[in-house]
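Contents: one structure, followed by commentary.
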Amino acid sequence: MQEAIPLNWRKYPERYRLEGTHCEECGQDFYPKKNICPNCRRKGKLEDKQMPREGKIISYSKVKASHKDFKDETPYYVALIELKNGVTIFSQVVDSLDNEVEIGAEVEKVFRKLNDKKYGVIAYSHKFRVKK
Amino acid sequence: MRDVVIIGTGQTKFGEKWEKSLKALMAEAGVKAVKNSKIKGEEIDALYTGCMASGRLVGQEHIGALVADQVGLNPIPSTRVEAACASGGTALRTAYLSIKSGEHDLVVAGGGEKMGDVPTERVNYALGGAGDQETEIFNGATFAALYALMARKHMEKYGTTEKQLAEVSVKNHENGAKNPYAQYQREISVESVMNSPEIASPLKLFDCSPITDGAASVVLTTKEKAEEKGKDYIEIKASAQASDTLNLANRKSITEIKATQQASRKAYEQSGIKPEQVDFAEVHDCFTIAEILAMEDLGFYEKGEAAKAVEQGKTKLEGELPINPSGGLKAKGHPVGATGIAQAIEAYKQLTGKAKERQIENPKTALTHNIGGTGATAVVHMFQKPSKEE
């Protein structure tokens, strides 16, 4: 986990509201934010854009041995989620039963505390839950 | 351009080396390699050392200078090379390029990692640096979890089963049992893999390579110099590397590792050797699914066919294409920075007929495959036994 406050603070737009980038030149959306469009490089025109808050699970895993910052939360689900605009993101899946977490399940973004250990601020992030 | 060869190797035993520090391990492997090569220290032009996470694991950086100092080779240039778990492979490639370019005539490429000094969750955290810190590790990813995502998708898409993954582990332990340098020199059963605790579903403890201390070194020089010395050598026929997104989520497909495909295609092109001419391969089985992906992405098997080949015993020592005769990362151990070098050592031993109990029958061509992260770096090397008529 990153311990300095600014390292977390400057990520708030990405983590709190799923802000990514959109390239006006090629039309592709990116999350996390890109500094340079990989398709257009210097010719790309990147602007901030909020990602959709819904998507579906492409793959998932129940993590039972985690790294030190998540010791108390283990076990937990992680997944790759394809958002409505086709962008895939990595996130935890919460508030969902074992038999609900499956490939293809529709999920929606929630705002959750991620961690309050170690680094001076309470870190919040996106998590997803299976739509009921 | 000149031909680059390996003339000698050295490694520590892999495992829990409580009595030895990182620098002691690196020095041990380096000295063994130099002795094995029958060269003198004064002949060495430069050192390259693969090391991934010494800063987080033992609090030491500046590994290049540390190694030269330890082995009494100041003031020659000594450089650390880092590409996560592919650090060893990229150190080997950097050493290779330094000779190929004409800058150096004789160099040592080594690698090492000291992982056992800190608790497992700290190791997981340190290894997490191989992925994307801001989006993956921050949100709770571990490496087992990221590979588990690939495994789950591969199972869905190609029908790969947990039992087939277990077979990878069983086969690698069979080979490791014959390797005196391996961390685990014992066989295990499919049942013991299937019954081992889940780490990140569907991956279980025995699907995962272990936490390992160890170091490995090889000595590289030109073919002419090796001939002069009359030492057994193997030729490096190709050295290729490719990069991909650090972040697994940003890949178009998670059932293949593009960087492996690209690096291996380049290696086949450089060497003029086709995948079907490879006699055996050491591949990066940090998790069992990674061996399946490697077998497919290196072009040995069609997508979805590799797991079946493992199940049918085709990749055992006596099979049609032995994979990981050393025991692989799973049984031999995975001291991350050393792994890419240890793979080249297995190539040397097999191709020079020195692999003893695990010797493959008269192999001529070997391929090694080293991955960083979830496939953000792939390094592929190809080796050949010198043909007699030359």
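Ligands are numbered from 1 in the order shown, chains are lettered A, B, ... in the order of the structure tokens, and residues start at 1 in each chain.
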Could you list, with a cut-off of 8 Å and counting only C-alpha atoms, the residues of chain B near chain A, each shown with its nearest atom pair and the distance in Å rounded to one decimal, rows sorted by chain and ascending number, as CSV?
residue,atom,partner,partner_atom,distance
B:Thr120,CA,A:His67,CA,7.7
B:Glu121,CA,A:His67,CA,4.2
B:Arg122,CA,A:Lys68,CA,5.8
B:Val123,CA,A:His67,CA,7.7
B:Asn124,CA,A:His67,CA,5.1
B:Tyr125,CA,A:His67,CA,5.1
B:Gln133,CA,A:Met1,CA,7.9
B:Thr135,CA,A:Phe90,CA,7.0
B:Glu136,CA,A:Phe90,CA,6.3
B:Ile137,CA,A:Met1,CA,7.3
B:Phe138,CA,A:Met1,CA,5.9
B:Asn139,CA,A:Ser91,CA,6.3
B:Gly140,CA,A:Phe70,CA,6.7
B:Ala141,CA,A:Val78,CA,7.2
B:Thr142,CA,A:Ser66,CA,6.2
B:Ala145,CA,A:Ser61,CA,6.2
B:Ala148,CA,A:Ser61,CA,6.1
B:Leu149,CA,A:Ser59,CA,5.4
B:Met150,CA,A:Ser59,CA,7.5
B:Arg152,CA,A:Ser59,CA,6.2
B:Lys153,CA,A:Ser59,CA,5.8
B:Glu198,CA,A:Lys64,CA,6.6
B:Ile199,CA,A:Lys64,CA,5.0
B:Ala200,CA,A:Val63,CA,4.3
B:Ser201,CA,A:Ser61,CA,5.1
B:Pro202,CA,A:Ser61,CA,6.9
B:Ala249,CA,A:Ile89,CA,5.3
B:Asn250,CA,A:Thr88,CA,6.4
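DSSP on the backbone gives alpha helix (DSSP H) for these parts of chain A: Ile5, Pro6, Leu7, Asn8, Trp9, Tyr12, Pro13, Glu14, Arg15, Tyr16 and Arg17 of chain A.
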Create the file for the chosen residues now, containing N, CA and C atoms and written as a PDB file, in the first residue's frame.
ATOM      1  N   ILE A   5       0.353  10.482   1.838  1.00  0.00           N
ATOM      2  CA  ILE A   5      -0.983  11.027   1.603  1.00  0.00           C
ATOM      3  C   ILE A   5      -1.178  11.512   0.158  1.00  0.00           C
ATOM      4  N   PRO A   6      -0.235  12.291  -0.401  1.00  0.00           N
ATOM      5  CA  PRO A   6      -0.475  12.777  -1.775  1.00  0.00           C
ATOM      6  C   PRO A   6      -0.641  11.658  -2.799  1.00  0.00           C
ATOM      7  N   LEU A   7       0.009  10.537  -2.564  1.00  0.00           N
ATOM      8  CA  LEU A   7      -0.119   9.409  -3.495  1.00  0.00           C
ATOM      9  C   LEU A   7      -1.566   8.940  -3.579  1.00  0.00           C
ATOM     10  N   ASN A   8      -2.254   9.045  -2.479  1.00  0.00           N
ATOM     11  CA  ASN A   8      -3.663   8.664  -2.467  1.00  0.00           C
ATOM     12  C   ASN A   8      -4.549   9.808  -2.942  1.00  0.00           C
ATOM     13  N   TRP A   9      -4.242  10.996  -2.444  1.00  0.00           N
ATOM     14  CA  TRP A   9      -5.062  12.178  -2.731  1.00  0.00           C
ATOM     15  C   TRP A   9      -5.199  12.439  -4.229  1.00  0.00           C
ATOM     16  N   TYR A  12      -7.929  10.482  -6.133  1.00  0.00           N
ATOM     17  CA  TYR A  12      -9.348  10.546  -5.755  1.00  0.00           C
ATOM     18  C   TYR A  12     -10.288  10.506  -6.966  1.00  0.00           C
ATOM     19  N   PRO A  13     -10.043  11.310  -8.012  1.00  0.00           N
ATOM     20  CA  PRO A  13     -10.996  11.279  -9.138  1.00  0.00           C
ATOM     21  C   PRO A  13     -11.125   9.885  -9.763  1.00  0.00           C
ATOM     22  N   GLU A  14      -9.995   9.202  -9.889  1.00  0.00           N
ATOM     23  CA  GLU A  14     -10.042   7.857 -10.479  1.00  0.00           C
ATOM     24  C   GLU A  14     -10.756   6.871  -9.565  1.00  0.00           C
ATOM     25  N   ARG A  15     -10.434   6.975  -8.278  1.00  0.00           N
ATOM     26  CA  ARG A  15     -10.931   5.957  -7.351  1.00  0.00           C
ATOM     27  C   ARG A  15     -12.340   6.243  -6.853  1.00  0.00           C
ATOM     28  N   TYR A  16     -12.674   7.509  -6.696  1.00  0.00           N
ATOM     29  CA  TYR A  16     -13.987   7.855  -6.137  1.00  0.00           C
ATOM     30  C   TYR A  16     -15.082   7.805  -7.191  1.00  0.00           C
ATOM     31  N   ARG A  17     -14.782   8.335  -8.391  1.00  0.00           N
ATOM     32  CA  ARG A  17     -15.864   8.417  -9.379  1.00  0.00           C
ATOM     33  C   ARG A  17     -15.491   7.765 -10.715  1.00  0.00           C
TER      34      ARG A  17
END
Coordinates-based distance that separates atom CA of B:Gly59 from atom CA of B:Ser98 (Å, one decimal): 29.1 Å
Long-range neighbours of B:Lys364 as a list in words, 10 Å cut-off, only C-alpha atoms, 5 positions minimum in chain: Ile234, Gln277, Val278, Asp279, Phe280, Ala347, Gln350, Leu351, Thr352, Phe383, Gln384, Lys385, Pro386 and Ser387 of chain B
Keeping only N, CA, C and O atoms, write the selected residues as a PDB file, in the first residue's frame.
ATOM      1  N   ILE B 234      27.420 -23.922 -24.695  1.00  0.00           N
ATOM      2  CA  ILE B 234      26.207 -23.950 -25.515  1.00  0.00           C
ATOM      3  C   ILE B 234      26.042 -22.579 -26.167  1.00  0.00           C
ATOM      4  O   ILE B 234      26.430 -21.561 -25.584  1.00  0.00           O
ATOM      5  N   GLN B 277      11.055 -27.861 -33.546  1.00  0.00           N
ATOM      6  CA  GLN B 277      12.439 -28.360 -33.460  1.00  0.00           C
ATOM      7  C   GLN B 277      13.019 -28.229 -32.054  1.00  0.00           C
ATOM      8  O   GLN B 277      14.132 -28.660 -31.785  1.00  0.00           O
ATOM      9  N   VAL B 278      12.255 -27.594 -31.155  1.00  0.00           N
ATOM     10  CA  VAL B 278      12.725 -27.434 -29.775  1.00  0.00           C
ATOM     11  C   VAL B 278      12.633 -28.782 -29.064  1.00  0.00           C
ATOM     12  O   VAL B 278      11.605 -29.451 -29.115  1.00  0.00           O
ATOM     13  N   ASP B 279      13.715 -29.202 -28.418  1.00  0.00           N
ATOM     14  CA  ASP B 279      13.742 -30.518 -27.766  1.00  0.00           C
ATOM     15  C   ASP B 279      13.202 -30.480 -26.338  1.00  0.00           C
ATOM     16  O   ASP B 279      12.704 -31.477 -25.836  1.00  0.00           O
ATOM     17  N   PHE B 280      13.380 -29.371 -25.666  1.00  0.00           N
ATOM     18  CA  PHE B 280      12.771 -29.202 -24.345  1.00  0.00           C
ATOM     19  C   PHE B 280      12.728 -27.713 -24.011  1.00  0.00           C
ATOM     20  O   PHE B 280      13.435 -26.917 -24.630  1.00  0.00           O
ATOM     21  N   ALA B 347      19.276 -25.382 -19.245  1.00  0.00           N
ATOM     22  CA  ALA B 347      19.556 -25.555 -20.677  1.00  0.00           C
ATOM     23  C   ALA B 347      21.000 -26.021 -20.863  1.00  0.00           C
ATOM     24  O   ALA B 347      21.283 -26.939 -21.642  1.00  0.00           O
ATOM     25  N   GLN B 350      21.416 -29.759 -19.554  1.00  0.00           N
ATOM     26  CA  GLN B 350      20.789 -30.748 -20.442  1.00  0.00           C
ATOM     27  C   GLN B 350      21.542 -30.850 -21.766  1.00  0.00           C
ATOM     28  O   GLN B 350      21.783 -31.949 -22.269  1.00  0.00           O
ATOM     29  N   LEU B 351      21.912 -29.708 -22.336  1.00  0.00           N
ATOM     30  CA  LEU B 351      22.539 -29.727 -23.662  1.00  0.00           C
ATOM     31  C   LEU B 351      23.980 -30.234 -23.619  1.00  0.00           C
ATOM     32  O   LEU B 351      24.514 -30.702 -24.618  1.00  0.00           O
ATOM     33  N   THR B 352      24.631 -30.134 -22.453  1.00  0.00           N
ATOM     34  CA  THR B 352      25.999 -30.663 -22.348  1.00  0.00           C
ATOM     35  C   THR B 352      25.999 -32.047 -21.712  1.00  0.00           C
ATOM     36  O   THR B 352      27.056 -32.589 -21.376  1.00  0.00           O
ATOM     37  N   PHE B 383      18.768 -21.902 -27.126  1.00  0.00           N
ATOM     38  CA  PHE B 383      20.131 -22.405 -26.984  1.00  0.00           C
ATOM     39  C   PHE B 383      20.318 -23.645 -27.838  1.00  0.00           C
ATOM     40  O   PHE B 383      19.379 -24.407 -28.050  1.00  0.00           O
ATOM     41  N   GLN B 384      21.555 -23.829 -28.299  1.00  0.00           N
ATOM     42  CA  GLN B 384      21.842 -25.039 -29.049  1.00  0.00           C
ATOM     43  C   GLN B 384      23.211 -25.582 -28.679  1.00  0.00           C
ATOM     44  O   GLN B 384      24.128 -24.826 -28.376  1.00  0.00           O
ATOM     45  N   LYS B 385      23.294 -26.885 -28.724  1.00  0.00           N
ATOM     46  CA  LYS B 385      24.559 -27.580 -28.561  1.00  0.00           C
ATOM     47  C   LYS B 385      25.349 -27.307 -29.833  1.00  0.00           C
ATOM     48  O   LYS B 385      24.790 -27.382 -30.927  1.00  0.00           O
ATOM     49  N   PRO B 386      26.664 -26.989 -29.752  1.00  0.00           N
ATOM     50  CA  PRO B 386      27.418 -26.751 -30.990  1.00  0.00           C
ATOM     51  C   PRO B 386      27.469 -28.015 -31.831  1.00  0.00           C
ATOM     52  O   PRO B 386      27.649 -29.105 -31.273  1.00  0.00           O
ATOM     53  N   SER B 387      27.281 -27.880 -33.140  1.00  0.00           N
ATOM     54  CA  SER B 387      27.330 -29.090 -33.966  1.00  0.00           C
ATOM     55  C   SER B 387      28.787 -29.428 -34.240  1.00  0.00           C
ATOM     56  O   SER B 387      29.627 -28.551 -34.413  1.00  0.00           O
TER      57      SER B 387
END
Residue contacts of stretch 217-228 of chain B (8 Å, only C-alpha atoms) excluding same-chain residues fewer than 5 positions away, as a PyMOL selection string: chain B and resi 2-11+29-30+33-34+37+95-96+99+105-111+233+235+341-342+344-345
Non-local contacts of B:Leu298 (7 Å; only C-alpha atoms; under 4 positions in same chain excluded) as a PDB file with all heavy atoms, in the first residue's frame:
ATOM      1  N   THR B 260       4.582 -13.105 -24.575  1.00  0.00           N
ATOM      2  CA  THR B 260       5.224 -14.407 -24.829  1.00  0.00           C
ATOM      3  C   THR B 260       5.161 -14.735 -26.316  1.00  0.00           C
ATOM      4  O   THR B 260       6.140 -15.160 -26.923  1.00  0.00           O
ATOM      5  CB  THR B 260       4.515 -15.525 -24.038  1.00  0.00           C
ATOM      6  OG1 THR B 260       4.669 -15.266 -22.652  1.00  0.00           O
ATOM      7  CG2 THR B 260       5.104 -16.890 -24.360  1.00  0.00           C
ATOM      8  N   GLN B 261       3.980 -14.513 -26.896  1.00  0.00           N
ATOM      9  CA  GLN B 261       3.824 -14.783 -28.328  1.00  0.00           C
ATOM     10  C   GLN B 261       4.808 -13.950 -29.133  1.00  0.00           C
ATOM     11  O   GLN B 261       5.497 -14.448 -30.024  1.00  0.00           O
ATOM     12  CB  GLN B 261       2.393 -14.475 -28.776  1.00  0.00           C
ATOM     13  CG  GLN B 261       1.355 -15.365 -28.108  1.00  0.00           C
ATOM     14  CD  GLN B 261      -0.083 -14.929 -28.398  1.00  0.00           C
ATOM     15  OE1 GLN B 261      -0.319 -13.977 -29.131  1.00  0.00           O
ATOM     16  NE2 GLN B 261      -1.044 -15.624 -27.812  1.00  0.00           N
ATOM     17  N   SER B 264       8.586 -14.885 -28.462  1.00  0.00           N
ATOM     18  CA  SER B 264       8.970 -16.182 -29.032  1.00  0.00           C
ATOM     19  C   SER B 264       8.993 -16.126 -30.561  1.00  0.00           C
ATOM     20  O   SER B 264       9.876 -16.705 -31.189  1.00  0.00           O
ATOM     21  CB  SER B 264       8.065 -17.300 -28.534  1.00  0.00           C
ATOM     22  OG  SER B 264       6.728 -17.066 -28.899  1.00  0.00           O
ATOM     23  N   ALA B 294       2.014 -20.676 -21.310  1.00  0.00           N
ATOM     24  CA  ALA B 294       3.314 -20.621 -21.988  1.00  0.00           C
ATOM     25  C   ALA B 294       3.384 -21.653 -23.109  1.00  0.00           C
ATOM     26  O   ALA B 294       3.818 -21.344 -24.223  1.00  0.00           O
ATOM     27  CB  ALA B 294       4.438 -20.857 -20.985  1.00  0.00           C
TER      28      ALA B 294
END
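All residues of protein, DNA or RNA that reach within 8 Å of A:Leu46, judged by only C-alpha atoms and not counting those fewer than 2 positions away in the chain, are Thr21, His22, Cys23, Glu24, Lys34, Asn35, Ile36, Cys37, Gly44 and Asp48 of chain A.
Separating atom CA of B:His369 from atom CA of B:Phe287 is a distance of 13.9 Å.
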Atomic separation - atom CA of B:Ile211 relative to atom CA of B:Lys354, Å: 27.1 Å
Residue neighbourhood B:Leu321, 10 Å, only C-alpha atoms, exclusion window fewer than 5 positions, as a count of residues only: 14
